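**Student:** Next comes input_21.txt, compact mmCIF, C-alpha atoms and all ligand atoms:
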```
# COMPACT_ATOMS: atom_id res chain seq x y z
CA MET A 1 -9.46 14.07 14.07
CA ARG A 2 -5.89 12.79 13.93
CA GLY A 3 -4.11 12.45 10.58
CA LEU A 4 -0.42 11.92 9.98
CA LEU A 5 0.54 15.57 10.33
CA HIS A 6 -1.05 15.54 13.79
CA ARG A 7 0.42 12.28 14.98
CA TYR A 8 3.89 12.44 13.46
CA ALA A 9 4.66 16.15 12.91
CA ASP A 10 8.04 15.69 14.61
CA ARG A 11 9.00 12.87 12.23
CA LEU A 12 7.75 14.41 8.98
CA PRO A 13 9.20 17.27 6.96
CA GLN A 14 8.01 20.71 8.00
CA ILE A 15 5.22 21.87 5.69
CA GLY A 16 5.24 25.63 5.04
CA ALA A 17 5.82 27.91 8.04
CA ASP A 18 3.49 25.88 10.24
CA SER A 19 2.75 22.21 9.56
CA LYS A 20 -0.34 22.40 11.78
CA GLN A 21 -2.04 24.75 9.33
CA TYR A 22 -1.76 22.03 6.68
CA ALA A 23 -2.77 19.24 9.05
CA ALA A 24 -6.30 20.59 8.52
CA LEU A 25 -6.18 19.13 4.97
CA SER A 26 -6.03 15.61 6.47
CA LEU A 27 -8.81 13.11 5.80
CA GLY A 28 -7.80 11.00 8.83
CA GLU A 29 -5.26 8.80 7.03
CA GLY A 30 -3.13 6.24 8.92
CA SER A 31 -3.83 4.49 12.24
CA THR A 32 -4.90 1.37 10.34
CA PRO A 33 -5.36 -1.92 12.21
CA LEU A 34 -2.68 -4.60 12.43
CA ILE A 35 -4.75 -7.76 12.48
CA PRO A 36 -3.35 -11.10 13.71
CA LEU A 37 -4.57 -13.93 11.47
CA LEU A 38 -6.52 -16.62 13.32
CA ASN A 39 -7.79 -19.13 10.76
CA LEU A 40 -5.95 -18.76 7.48
CA PRO A 41 -2.50 -19.93 8.67
CA GLN A 42 -3.88 -23.35 9.62
CA ALA A 43 -5.99 -23.64 6.45
CA MET A 44 -3.13 -22.67 4.14
CA GLY A 45 -0.42 -24.75 5.80
CA VAL A 46 1.60 -21.99 7.49
CA ALA A 47 0.50 -22.37 11.11
CA ASN A 48 4.18 -22.51 12.15
CA ILE A 49 4.66 -18.74 11.85
CA ASN A 50 3.01 -15.68 13.45
CA LEU A 51 1.18 -13.63 10.83
CA TRP A 52 -0.29 -10.14 10.99
CA VAL A 53 -1.86 -8.08 8.21
CA LYS A 54 -1.63 -4.27 8.16
CA TYR A 55 -4.99 -3.41 6.62
CA GLU A 56 -4.24 -0.28 4.59
CA GLY A 57 -7.54 -0.65 2.78
CA LEU A 58 -9.05 1.18 5.76
CA ASN A 59 -7.48 4.51 4.80
CA PRO A 60 -9.83 7.33 3.65
CA THR A 61 -9.76 6.39 -0.05
CA ALA A 62 -9.15 2.72 0.77
CA SER A 63 -5.46 2.37 -0.04
CA PHE A 64 -2.09 3.21 1.54
CA LYS A 65 -1.60 5.92 -1.09
CA ASP A 66 -3.41 8.30 1.29
CA ARG A 67 -0.46 8.36 3.71
CA GLY A 68 1.81 9.78 1.05
CA MET A 69 -0.82 11.90 -0.64
CA ALA A 70 -1.71 13.72 2.61
CA ILE A 71 1.87 15.00 2.83
CA ALA A 72 2.47 15.54 -0.91
CA VAL A 73 -0.71 17.60 -1.37
CA ALA A 74 -0.09 19.59 1.82
CA ALA A 75 3.43 20.42 0.58
CA ALA A 76 2.01 21.50 -2.81
CA ALA A 77 -0.52 23.71 -1.03
CA ALA A 78 2.29 25.29 1.02
CA ASP A 79 4.09 26.01 -2.28
CA ASN A 80 0.94 27.75 -3.60
CA ILE A 81 0.52 25.17 -6.35
CA SER A 82 -3.08 24.87 -7.51
CA CYS A 83 -2.98 21.65 -9.55
CA VAL A 84 -1.67 18.12 -9.01
CA ILE A 85 -0.96 15.53 -11.70
CA CYS A 86 -0.24 11.80 -11.62
CA ALA A 87 0.07 8.67 -13.70
CA SER A 88 -1.89 5.90 -12.04
CA THR A 89 -2.94 2.27 -12.08
CA GLY A 90 -5.97 3.54 -10.11
CA ASN A 91 -5.31 4.08 -6.42
CA THR A 92 -2.95 7.02 -6.85
CA SER A 93 -5.60 8.81 -8.91
CA ALA A 94 -8.34 8.05 -6.35
CA SER A 95 -6.20 9.40 -3.53
CA ALA A 96 -4.83 12.41 -5.43
CA ALA A 97 -8.35 13.36 -6.52
CA ALA A 98 -9.68 13.22 -2.95
CA TYR A 99 -6.86 15.17 -1.30
CA ALA A 100 -6.82 17.73 -4.15
CA ALA A 101 -10.57 18.24 -3.71
CA ARG A 102 -10.05 18.81 0.01
CA ALA A 103 -7.28 21.33 -0.68
CA GLY A 104 -9.31 23.12 -3.35
CA MET A 105 -6.90 22.10 -6.09
CA ALA A 106 -7.43 20.76 -9.59
CA CYS A 107 -6.33 17.19 -10.25
CA LEU A 108 -5.28 15.70 -13.58
CA VAL A 109 -4.91 11.92 -13.76
CA LEU A 110 -3.52 9.73 -16.54
CA ILE A 111 -4.79 6.15 -16.49
CA PRO A 112 -4.18 3.18 -18.78
CA GLN A 113 -7.21 2.33 -20.88
CA GLY A 114 -9.34 -0.60 -19.74
CA LYS A 115 -6.96 -1.77 -16.97
CA VAL A 116 -8.14 0.25 -13.99
CA ALA A 117 -10.50 -1.26 -11.41
CA LEU A 118 -14.09 -0.01 -11.40
CA GLY A 119 -14.11 1.37 -7.86
CA LYS A 120 -10.95 3.42 -8.44
CA ILE A 121 -12.42 5.08 -11.54
CA ALA A 122 -15.59 5.86 -9.58
CA GLN A 123 -13.49 7.62 -6.95
CA ALA A 124 -11.62 9.79 -9.46
CA VAL A 125 -14.93 10.72 -11.10
CA ALA A 126 -16.65 11.43 -7.78
CA HIS A 127 -13.82 13.69 -6.62
CA ASN A 128 -14.04 15.60 -9.88
CA ALA A 129 -10.59 14.83 -11.30
CA VAL A 130 -9.88 15.50 -14.96
CA ILE A 131 -9.29 12.00 -16.30
CA VAL A 132 -7.13 11.36 -19.34
CA GLN A 133 -7.29 7.78 -20.53
CA ILE A 134 -4.21 6.86 -22.49
CA ASP A 135 -3.71 4.37 -25.24
CA GLY A 136 -0.78 2.77 -23.40
CA ASN A 137 0.20 1.38 -20.00
CA PHE A 138 1.24 2.92 -16.66
CA ASP A 139 4.87 3.18 -17.72
CA ASP A 140 3.90 5.28 -20.78
CA ALA A 141 1.80 7.58 -18.58
CA MET A 142 4.64 7.92 -16.08
CA ARG A 143 7.06 8.99 -18.80
CA ALA A 144 4.67 11.79 -19.82
CA VAL A 145 4.16 12.98 -16.23
CA ARG A 146 7.85 12.98 -15.14
CA VAL A 147 8.50 15.94 -17.43
CA TYR A 148 6.54 18.17 -15.04
CA SER A 149 8.45 17.21 -11.86
CA ASP A 150 10.40 20.45 -11.60
CA SER A 151 8.07 22.71 -13.56
CA GLY A 152 6.73 24.65 -10.56
CA LYS A 153 3.36 24.83 -12.34
CA VAL A 154 1.92 21.60 -11.10
CA ALA A 155 2.90 19.08 -8.42
CA VAL A 156 3.61 15.54 -9.63
CA VAL A 157 2.20 13.36 -6.85
CA ASN A 158 3.53 9.99 -7.97
CA SER A 159 5.99 8.28 -5.63
CA ILE A 160 8.88 10.08 -7.38
CA ASN A 161 7.67 12.98 -5.20
CA PRO A 162 9.77 12.51 -2.02
CA MET A 163 6.88 13.69 0.17
CA ARG A 164 4.97 10.55 -0.81
CA LEU A 165 7.57 8.24 0.73
CA GLN A 166 7.79 10.47 3.79
CA GLY A 167 4.08 9.99 4.45
CA GLN A 168 4.16 6.28 3.69
CA LYS A 169 7.06 5.61 6.09
CA THR A 170 4.64 6.15 8.98
CA ALA A 171 3.15 2.69 8.47
CA ALA A 172 6.40 1.25 9.86
CA PHE A 173 6.09 3.46 12.97
CA GLU A 174 2.58 2.14 13.56
CA VAL A 175 3.69 -1.49 13.26
CA ILE A 176 6.42 -0.96 15.87
CA GLU A 177 4.00 0.86 18.17
CA THR A 178 1.47 -1.98 17.94
CA LEU A 179 3.81 -4.97 18.19
CA GLY A 180 6.26 -3.34 20.61
CA SER A 181 9.10 -4.00 18.15
CA ALA A 182 9.59 -4.55 14.44
CA PRO A 183 8.60 -8.01 13.11
CA ASP A 184 11.25 -10.38 11.73
CA TYR A 185 9.89 -9.94 8.19
CA HIS A 186 7.74 -7.25 6.58
CA ALA A 187 6.21 -8.23 3.21
CA LEU A 188 4.66 -5.94 0.59
CA PRO A 189 3.39 -6.15 -2.97
CA VAL A 190 5.82 -4.31 -5.26
CA GLY A 191 4.91 -2.15 -8.26
CA ASN A 192 7.04 0.98 -8.46
CA ALA A 193 8.71 -0.12 -5.19
CA GLY A 194 7.99 3.20 -3.51
CA ASN A 195 6.17 1.63 -0.59
CA ILE A 196 8.78 -0.99 0.27
CA THR A 197 11.35 1.83 0.18
CA ALA A 198 9.15 4.05 2.37
CA HIS A 199 8.71 1.29 4.96
CA TRP A 200 12.47 0.82 5.15
CA ILE A 201 12.94 4.56 5.67
CA GLY A 202 10.41 4.34 8.51
CA TYR A 203 12.02 1.35 10.20
CA SER A 204 15.46 2.91 9.78
CA GLU A 205 14.40 6.24 11.25
CA ALA A 206 12.72 4.47 14.15
CA ALA A 207 15.98 2.63 14.79
CA SER A 208 18.05 5.82 14.77
CA SER A 209 15.72 8.49 16.20
CA GLY A 210 17.23 10.45 19.05
CA THR A 211 20.75 9.24 18.09
CA ALA A 212 23.58 10.78 16.11
CA ALA A 213 22.40 8.79 13.07
CA CYS A 214 18.91 10.28 13.19
CA HIS A 215 17.92 11.82 9.88
CA TYR A 216 16.34 14.86 11.56
CA CYS A 217 18.03 15.60 14.85
CA GLN A 218 21.47 13.98 14.58
CA GLY A 219 21.23 13.43 18.29
CA ASN A 220 20.52 17.09 19.13
CA CYS A 221 16.79 16.92 19.20
CA THR A 222 14.42 17.44 22.08
CA THR A 223 11.25 16.46 20.22
CA CYS A 224 11.98 13.25 18.34
CA GLN A 225 11.83 10.66 21.07
CA PRO A 226 12.99 7.17 20.14
CA ILE A 227 10.08 4.83 19.33
CA ALA A 228 10.04 2.19 22.06
CA GLY A 229 11.25 -1.10 20.61
CA GLY A 230 12.36 0.54 17.36
CA GLU A 231 16.02 -0.59 17.53
CA LYS A 232 15.48 -3.77 15.54
CA ARG A 233 14.68 -3.63 11.79
CA PRO A 234 12.92 -6.36 9.80
CA GLN A 235 14.00 -8.18 6.65
CA MET A 236 12.00 -6.60 3.82
CA LEU A 237 10.22 -8.92 1.40
CA GLY A 238 8.65 -7.80 -1.87
CA TYR A 239 6.33 -9.78 -4.11
CA GLN A 240 5.52 -9.12 -7.75
CA ALA A 241 3.05 -10.81 -10.07
CA ALA A 242 4.83 -13.32 -12.31
CA GLY A 243 3.69 -11.53 -15.49
CA SER A 244 4.93 -8.20 -14.20
CA ALA A 245 8.17 -8.94 -12.37
CA PRO A 246 11.01 -6.62 -13.45
CA PHE A 247 12.85 -7.10 -10.14
CA VAL A 248 12.83 -10.86 -10.52
CA ASN A 249 13.77 -10.73 -14.21
CA GLY A 250 16.46 -8.11 -13.58
CA ASN A 251 15.11 -6.05 -16.51
CA PRO A 252 12.13 -3.82 -17.27
CA VAL A 253 9.10 -5.70 -18.64
CA ALA A 254 7.76 -4.14 -21.86
CA ASN A 255 4.20 -5.49 -21.63
CA PRO A 256 3.44 -6.30 -18.00
CA ASP A 257 0.36 -8.43 -17.50
CA THR A 258 -1.45 -9.50 -14.30
CA VAL A 259 -4.90 -9.51 -12.70
CA ALA A 260 -3.31 -7.46 -9.93
CA THR A 261 -3.67 -4.17 -11.86
CA ALA A 262 -2.19 -2.05 -9.04
CA ILE A 263 1.19 -3.74 -9.56
CA ARG A 264 1.02 -3.99 -13.35
CA ILE A 265 4.22 -1.97 -13.72
CA GLY A 266 7.13 -2.91 -15.97
CA ASN A 267 9.58 -0.12 -15.21
CA PRO A 268 9.64 0.58 -11.43
CA GLN A 269 10.40 4.20 -10.54
CA SER A 270 12.20 3.26 -7.28
CA TYR A 271 14.28 0.44 -8.77
CA GLU A 272 17.67 1.52 -7.37
CA ALA A 273 16.27 2.57 -3.99
CA ALA A 274 14.66 -0.86 -3.58
CA GLN A 275 17.96 -2.59 -4.36
CA VAL A 276 19.47 -0.72 -1.42
CA VAL A 277 16.53 -1.79 0.79
CA LEU A 278 17.09 -5.44 -0.11
CA ALA A 279 20.83 -5.23 0.51
CA GLU A 280 20.55 -3.36 3.83
CA SER A 281 17.68 -5.45 5.19
CA ASN A 282 18.91 -8.79 3.84
CA GLY A 283 15.55 -9.14 2.08
CA TRP A 284 14.38 -10.39 -1.28
CA ILE A 285 11.79 -9.86 -4.03
CA SER A 286 10.15 -12.85 -5.68
CA ALA A 287 7.23 -13.54 -7.98
CA VAL A 288 3.81 -15.11 -7.37
CA GLU A 289 1.38 -16.52 -9.91
CA ASP A 290 -1.93 -14.75 -10.52
CA SER A 291 -3.77 -17.92 -9.50
CA ASP A 292 -2.06 -17.85 -6.07
CA ILE A 293 -2.86 -14.16 -5.69
CA LEU A 294 -6.57 -14.68 -6.38
CA GLN A 295 -6.80 -17.76 -4.18
CA THR A 296 -5.16 -15.96 -1.28
CA GLN A 297 -7.47 -12.95 -1.69
CA ARG A 298 -10.49 -15.30 -1.50
CA GLN A 299 -9.18 -17.28 1.45
CA LEU A 300 -8.40 -14.14 3.43
CA ALA A 301 -11.89 -12.79 2.83
CA ALA A 302 -13.62 -16.09 3.54
CA LEU A 303 -11.57 -17.19 6.56
CA GLU A 304 -10.64 -13.92 8.28
CA GLY A 305 -13.26 -11.37 7.21
CA VAL A 306 -10.55 -9.22 5.64
CA PHE A 307 -11.27 -8.07 2.09
CA CYS A 308 -8.28 -6.77 0.14
CA GLU A 309 -7.72 -6.14 -3.54
CA PRO A 310 -5.76 -8.69 -5.63
CA ALA A 311 -2.45 -6.75 -5.66
CA SER A 312 -2.56 -6.63 -1.86
CA ALA A 313 -2.90 -10.38 -1.60
CA ALA A 314 0.43 -10.80 -3.43
CA SER A 315 2.29 -10.07 -0.17
CA LEU A 316 0.48 -12.81 1.73
CA ALA A 317 0.57 -15.28 -1.19
CA GLY A 318 4.33 -14.78 -1.48
CA VAL A 319 4.88 -15.25 2.24
CA ILE A 320 2.87 -18.48 2.21
CA ASN A 321 5.09 -19.82 -0.61
CA ASP A 322 8.27 -18.81 1.20
CA VAL A 323 7.17 -20.37 4.49
CA LYS A 324 6.36 -23.63 2.71
CA SER A 325 9.75 -23.68 0.97
CA GLY A 326 11.51 -23.00 4.29
CA ARG A 327 12.97 -19.67 3.17
CA ILE A 328 11.01 -18.03 6.01
CA PRO A 329 11.77 -20.11 9.13
CA ALA A 330 9.26 -21.55 11.61
CA GLY A 331 8.47 -19.24 14.51
CA ALA A 332 9.04 -16.07 12.45
CA ARG A 333 6.96 -12.96 13.14
CA VAL A 334 5.71 -11.71 9.77
CA VAL A 335 3.69 -8.61 8.85
CA CYS A 336 2.05 -8.42 5.42
CA THR A 337 0.83 -5.06 4.16
CA LEU A 338 -2.60 -5.27 2.54
CA THR A 339 -2.29 -2.20 0.35
CA GLY A 340 -5.89 -1.66 -0.82
CA HIS A 341 -9.53 -2.60 -0.17
CA GLY A 342 -11.33 -5.43 -1.98
CA LEU A 343 -14.30 -3.19 -2.74
CA LYS A 344 -12.15 -1.45 -5.33
CA GLU A 345 -12.85 -4.40 -7.63
CA PRO A 346 -16.36 -5.65 -6.86
CA ASP A 347 -16.66 -7.24 -10.31
CA LEU A 348 -14.35 -10.06 -9.14
CA PHE A 349 -17.14 -11.22 -6.79
CA PRO A 350 -20.41 -11.24 -8.75
CA LEU A 351 -23.53 -12.72 -7.24
CA PRO A 352 -23.59 -16.39 -8.30
CA ALA A 353 -26.52 -17.46 -10.47
CA LEU A 354 -29.34 -18.06 -7.97
CA ALA A 355 -32.91 -19.12 -8.49
CA SER A 356 -35.28 -16.74 -6.68
CA THR A 357 -37.15 -18.23 -3.73
CA ALA A 358 -40.87 -17.59 -3.49
CA VAL A 359 -41.69 -15.54 -0.39
CA GLY A 360 -44.04 -18.30 0.80
CA ASP A 361 -41.15 -20.83 0.74
CA LEU A 362 -38.66 -18.72 2.70
CA ALA A 363 -39.23 -20.29 6.11
CA ALA A 364 -38.69 -23.78 4.68
CA VAL A 365 -35.51 -22.73 2.86
CA ILE A 366 -34.06 -21.09 5.99
CA GLU A 367 -34.89 -24.22 8.07
CA GLN A 368 -33.15 -26.38 5.51
CA HIS A 369 -29.95 -24.29 5.69
CA LEU A 370 -29.97 -24.33 9.49
CA ASN A 371 -30.42 -28.10 9.52
CA ASN A 372 -27.43 -28.47 7.20
CA ARG A 373 -25.11 -26.72 9.68
C1 LIG B 401 0.28 1.47 -5.49
C2 LIG B 401 -0.09 0.11 -5.05
C3 LIG B 401 0.85 -0.93 -4.91
C4 LIG B 401 2.29 -0.78 -5.31
O1 LIG B 401 3.03 0.10 -4.51
P1 LIG B 401 4.43 0.63 -5.03
O2 LIG B 401 4.82 1.68 -4.07
O3 LIG B 401 4.19 1.16 -6.42
O4 LIG B 401 5.37 -0.54 -5.07
C5 LIG B 401 0.41 -2.14 -4.43
N1 LIG B 401 -0.87 -2.37 -4.12
C6 LIG B 401 -1.81 -1.40 -4.25
C7 LIG B 401 -3.22 -1.71 -3.89
C8 LIG B 401 -1.46 -0.14 -4.72
O5 LIG B 401 -2.40 0.80 -4.86
```
Please, can you express the file's structure as structure tokens?
**Tutor:**
Amino acid sequence: MRGLLHRYADRLPQIGADSKQYAALSLGEGSTPLIPLLNLPQAMGVANINLWVKYEGLNPTASFKDRGMAIAVAAAAADNISCVICASTGNTSASAAAYAARAGMACLVLIPQGKVALGKIAQAVAHNAVIVQIDGNFDDAMRAVRVYSDSGKVAVVNSINPMRLQGQKTAAFEVIETLGSAPDYHALPVGNAGNITAHWIGYSEAASSGTAACHYCQGNCTTCQPIAGGEKRPQMLGYQAAGSAPFVNGNPVANPDTVATAIRIGNPQSYEAAQVVLAESNGWISAVEDSDILQTQRQLAALEGVFCEPASAASLAGVINDVKSGRIPAGARVVCTLTGHGLKEPDLFPLPALASTAVGDLAAVIEQHLNNR
């Protein structure tokens, strides 16, 4: 099995005395498909660009959080820490619980009451996390967890843990490897802005590896080969839900509200880092309406066979808006990260009210459907 510590050991921080020992804690994260869209661009009026989706829902716990968690939990294990803690809108807790279970650690998760998707709760329960439901939102939980960052007793595995961004940067390496170069634009949904920051770290390291500017080798390295085609970096685009858009407002949002619960965050932990990403990459962050997010999620599932959660669809919904307005030019190569799997929130797709068909009538009903094709 190949996880991130197998594939990218020479581009990730050393874990303990021997990273390979900790690679055994992997659940096979990363190596997700980059899928070119075939039908949706035409149907949604953006056939004039080239669109790919990086389907991070296919990670072990069905979100990109696994890339960062694999490294953060391995680093905690190397430090002989026996418990991890996080504040979570759902996916961080699912991922932390799984990787902690694998490493034989305890996991304590703080989740906002009533605003976490069903599938994510099921994962935290299944992996035996201790779940504390708080009478507040993600930002309140984050404030309580931050206190433990330097305690040495427990590892905080939110994206304020630098190992998280190190793991997540590998998605950018994979995009370059698949496309042969970076795209013109890379779009992501933005909550705490850790992932957009991590992608920029990845693209930037790919651009500098093996040179004097390389973060690791400063040009003296024999192991970190340049990634073929990595010289170019994309413009980074972030999309927030309109009811939860501190980057767009320029201020924290006290009571963030959106159907996209994974990005229901009013006080982003990587606010300053993301400003640097936007400035260096000549990118932008804008807002999308919940109705656009949900429509895009449905269209992607119905037209492409790709099922992502609502927050994930914010990247694609935002790109569609920006192509239509001309902000993203015709001919552009655009990658959208789909951060999590649609099965996390099955309650958004209930079985429609259907009359039951008598067994004796089945053949006739099937014939009728076939004739209507
Ligand atoms: C965590 C998460 C995000 C937000 O990522 P940030 O790094 O907090 O910006 C977006 N979508 C999904 C599905 C997530 O789980």
**Student:** For Ala97 of chain A, which residue out of A:Pro162, A:Pro189, A:Gly229, A:Pro60 is the nearest one, using all atoms listed in the file?
**Tutor:**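 So, comparing all the options, the nearest one is A:Pro60.
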**Student:** As JSON, numbers by chain, please: every protein or nucleic acid residue near ligand LIG 401 (chain B) (cut-off 6 Å, counting only C-alpha atoms and all ligand atoms).
**Tutor:** {"A": [63, 91, 189, 190, 191, 192, 193, 194, 195, 262, 263, 311, 312, 339, 340]}
**Student:** Write out as a PDB file with C-alpha atoms, in the coordinates of the input the residues lying within 8 Å of segment 319-335 of chain A, counting all atoms listed in the file and excluding same-chain residues fewer than 4 positions away.
**Tutor:**
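And here's result36.pdb as it stands now:
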```pdb
ATOM      1  CA  MET A  44      -3.130 -22.670   4.140  1.00  0.00           C
ATOM      2  CA  GLY A  45      -0.420 -24.750   5.800  1.00  0.00           C
ATOM      3  CA  VAL A  46       1.600 -21.990   7.490  1.00  0.00           C
ATOM      4  CA  ASN A  48       4.180 -22.510  12.150  1.00  0.00           C
ATOM      5  CA  ILE A  49       4.660 -18.740  11.850  1.00  0.00           C
ATOM      6  CA  ASN A  50       3.010 -15.680  13.450  1.00  0.00           C
ATOM      7  CA  LEU A  51       1.180 -13.630  10.830  1.00  0.00           C
ATOM      8  CA  TRP A  52      -0.290 -10.140  10.990  1.00  0.00           C
ATOM      9  CA  VAL A  53      -1.860  -8.080   8.210  1.00  0.00           C
ATOM     10  CA  LYS A  54      -1.630  -4.270   8.160  1.00  0.00           C
ATOM     11  CA  PRO A 183       8.600  -8.010  13.110  1.00  0.00           C
ATOM     12  CA  ASP A 184      11.250 -10.380  11.730  1.00  0.00           C
ATOM     13  CA  TYR A 185       9.890  -9.940   8.190  1.00  0.00           C
ATOM     14  CA  HIS A 186       7.740  -7.250   6.580  1.00  0.00           C
ATOM     15  CA  ALA A 187       6.210  -8.230   3.210  1.00  0.00           C
ATOM     16  CA  SER A 315       2.290 -10.070  -0.170  1.00  0.00           C
TER      17      SER A 315
END
```
**Student:** Nearest to Leu5 of chain A among A:Asn249, A:Val73, A:Glu231, A:Gly167, with distances taken over only C-alpha atoms: which residue is it?
**Tutor:**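 Of the candidates, the smallest distance to Leu5 of chain A is held by A:Gly167.
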**Student:** If we count all atoms listed in the file and set the cut-off at 12 Å, which residues sit around Leu4 of chain A, ignoring sequence neighbours fewer than 5 positions away in its own chain? Please answer as a PDB file with C-alpha atoms, in the frame of the given file.
**Tutor:**
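Output file selection.pdb is given in full below:
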```
ATOM      1  CA  ALA A   9       4.660  16.150  12.910  1.00  0.00           C
ATOM      2  CA  ASP A  10       8.040  15.690  14.610  1.00  0.00           C
ATOM      3  CA  ARG A  11       9.000  12.870  12.230  1.00  0.00           C
ATOM      4  CA  LEU A  12       7.750  14.410   8.980  1.00  0.00           C
ATOM      5  CA  PRO A  13       9.200  17.270   6.960  1.00  0.00           C
ATOM      6  CA  SER A  19       2.750  22.210   9.560  1.00  0.00           C
ATOM      7  CA  LYS A  20      -0.340  22.400  11.780  1.00  0.00           C
ATOM      8  CA  TYR A  22      -1.760  22.030   6.680  1.00  0.00           C
ATOM      9  CA  ALA A  23      -2.770  19.240   9.050  1.00  0.00           C
ATOM     10  CA  ALA A  24      -6.300  20.590   8.520  1.00  0.00           C
ATOM     11  CA  LEU A  25      -6.180  19.130   4.970  1.00  0.00           C
ATOM     12  CA  SER A  26      -6.030  15.610   6.470  1.00  0.00           C
ATOM     13  CA  LEU A  27      -8.810  13.110   5.800  1.00  0.00           C
ATOM     14  CA  GLY A  28      -7.800  11.000   8.830  1.00  0.00           C
ATOM     15  CA  GLU A  29      -5.260   8.800   7.030  1.00  0.00           C
ATOM     16  CA  GLY A  30      -3.130   6.240   8.920  1.00  0.00           C
ATOM     17  CA  SER A  31      -3.830   4.490  12.240  1.00  0.00           C
ATOM     18  CA  THR A  32      -4.900   1.370  10.340  1.00  0.00           C
ATOM     19  CA  ASN A  59      -7.480   4.510   4.800  1.00  0.00           C
ATOM     20  CA  ASP A  66      -3.410   8.300   1.290  1.00  0.00           C
ATOM     21  CA  ARG A  67      -0.460   8.360   3.710  1.00  0.00           C
ATOM     22  CA  GLY A  68       1.810   9.780   1.050  1.00  0.00           C
ATOM     23  CA  MET A  69      -0.820  11.900  -0.640  1.00  0.00           C
ATOM     24  CA  ALA A  70      -1.710  13.720   2.610  1.00  0.00           C
ATOM     25  CA  ILE A  71       1.870  15.000   2.830  1.00  0.00           C
ATOM     26  CA  ALA A  72       2.470  15.540  -0.910  1.00  0.00           C
ATOM     27  CA  ALA A  74      -0.090  19.590   1.820  1.00  0.00           C
ATOM     28  CA  GLN A 166       7.790  10.470   3.790  1.00  0.00           C
ATOM     29  CA  GLY A 167       4.080   9.990   4.450  1.00  0.00           C
ATOM     30  CA  GLN A 168       4.160   6.280   3.690  1.00  0.00           C
ATOM     31  CA  LYS A 169       7.060   5.610   6.090  1.00  0.00           C
ATOM     32  CA  THR A 170       4.640   6.150   8.980  1.00  0.00           C
ATOM     33  CA  ALA A 171       3.150   2.690   8.470  1.00  0.00           C
ATOM     34  CA  PHE A 173       6.090   3.460  12.970  1.00  0.00           C
ATOM     35  CA  GLU A 174       2.580   2.140  13.560  1.00  0.00           C
TER      36      GLU A 174
END
```
**Student:** Looking at A:Ala198, A:Gly152, A:Thr61, A:Met105, which one is nearest to Ile121 of chain A, with distances taken over only C-alpha atoms?
**Tutor:**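 Comparing A:Ala198, A:Gly152, A:Thr61, A:Met105 against Ile121 of chain A, the winner is A:Thr61.
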**Student:** State, in Å with one decimal place, the distance from atom CA of Ala182 of chain A to atom CA of Tyr271 of chain A.
**Tutor:**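 Spanning atom CA of Ala182 of chain A to atom CA of Tyr271 of chain A is a straight-line distance of 24.2 Å.
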**Student:** So what do you get for atom CA of Ala302 of chain A versus atom CA of Pro41 of chain A, distance-wise?
**Tutor:**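 Atom CA of Ala302 of chain A sits 12.8 Å away from atom CA of Pro41 of chain A.
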**Student:** With a distance cut-off of 12 Å and all atoms listed in the file, select the neighbouring residues of Gly104 of chain A, excluding the residue or stretch itself and same-chain residues fewer than 2 positions from it, and output the selection as a ChimeraX atom specification.
**Tutor:** /A:25,73-74,76-77,80-84,96-102,106-107,127-129
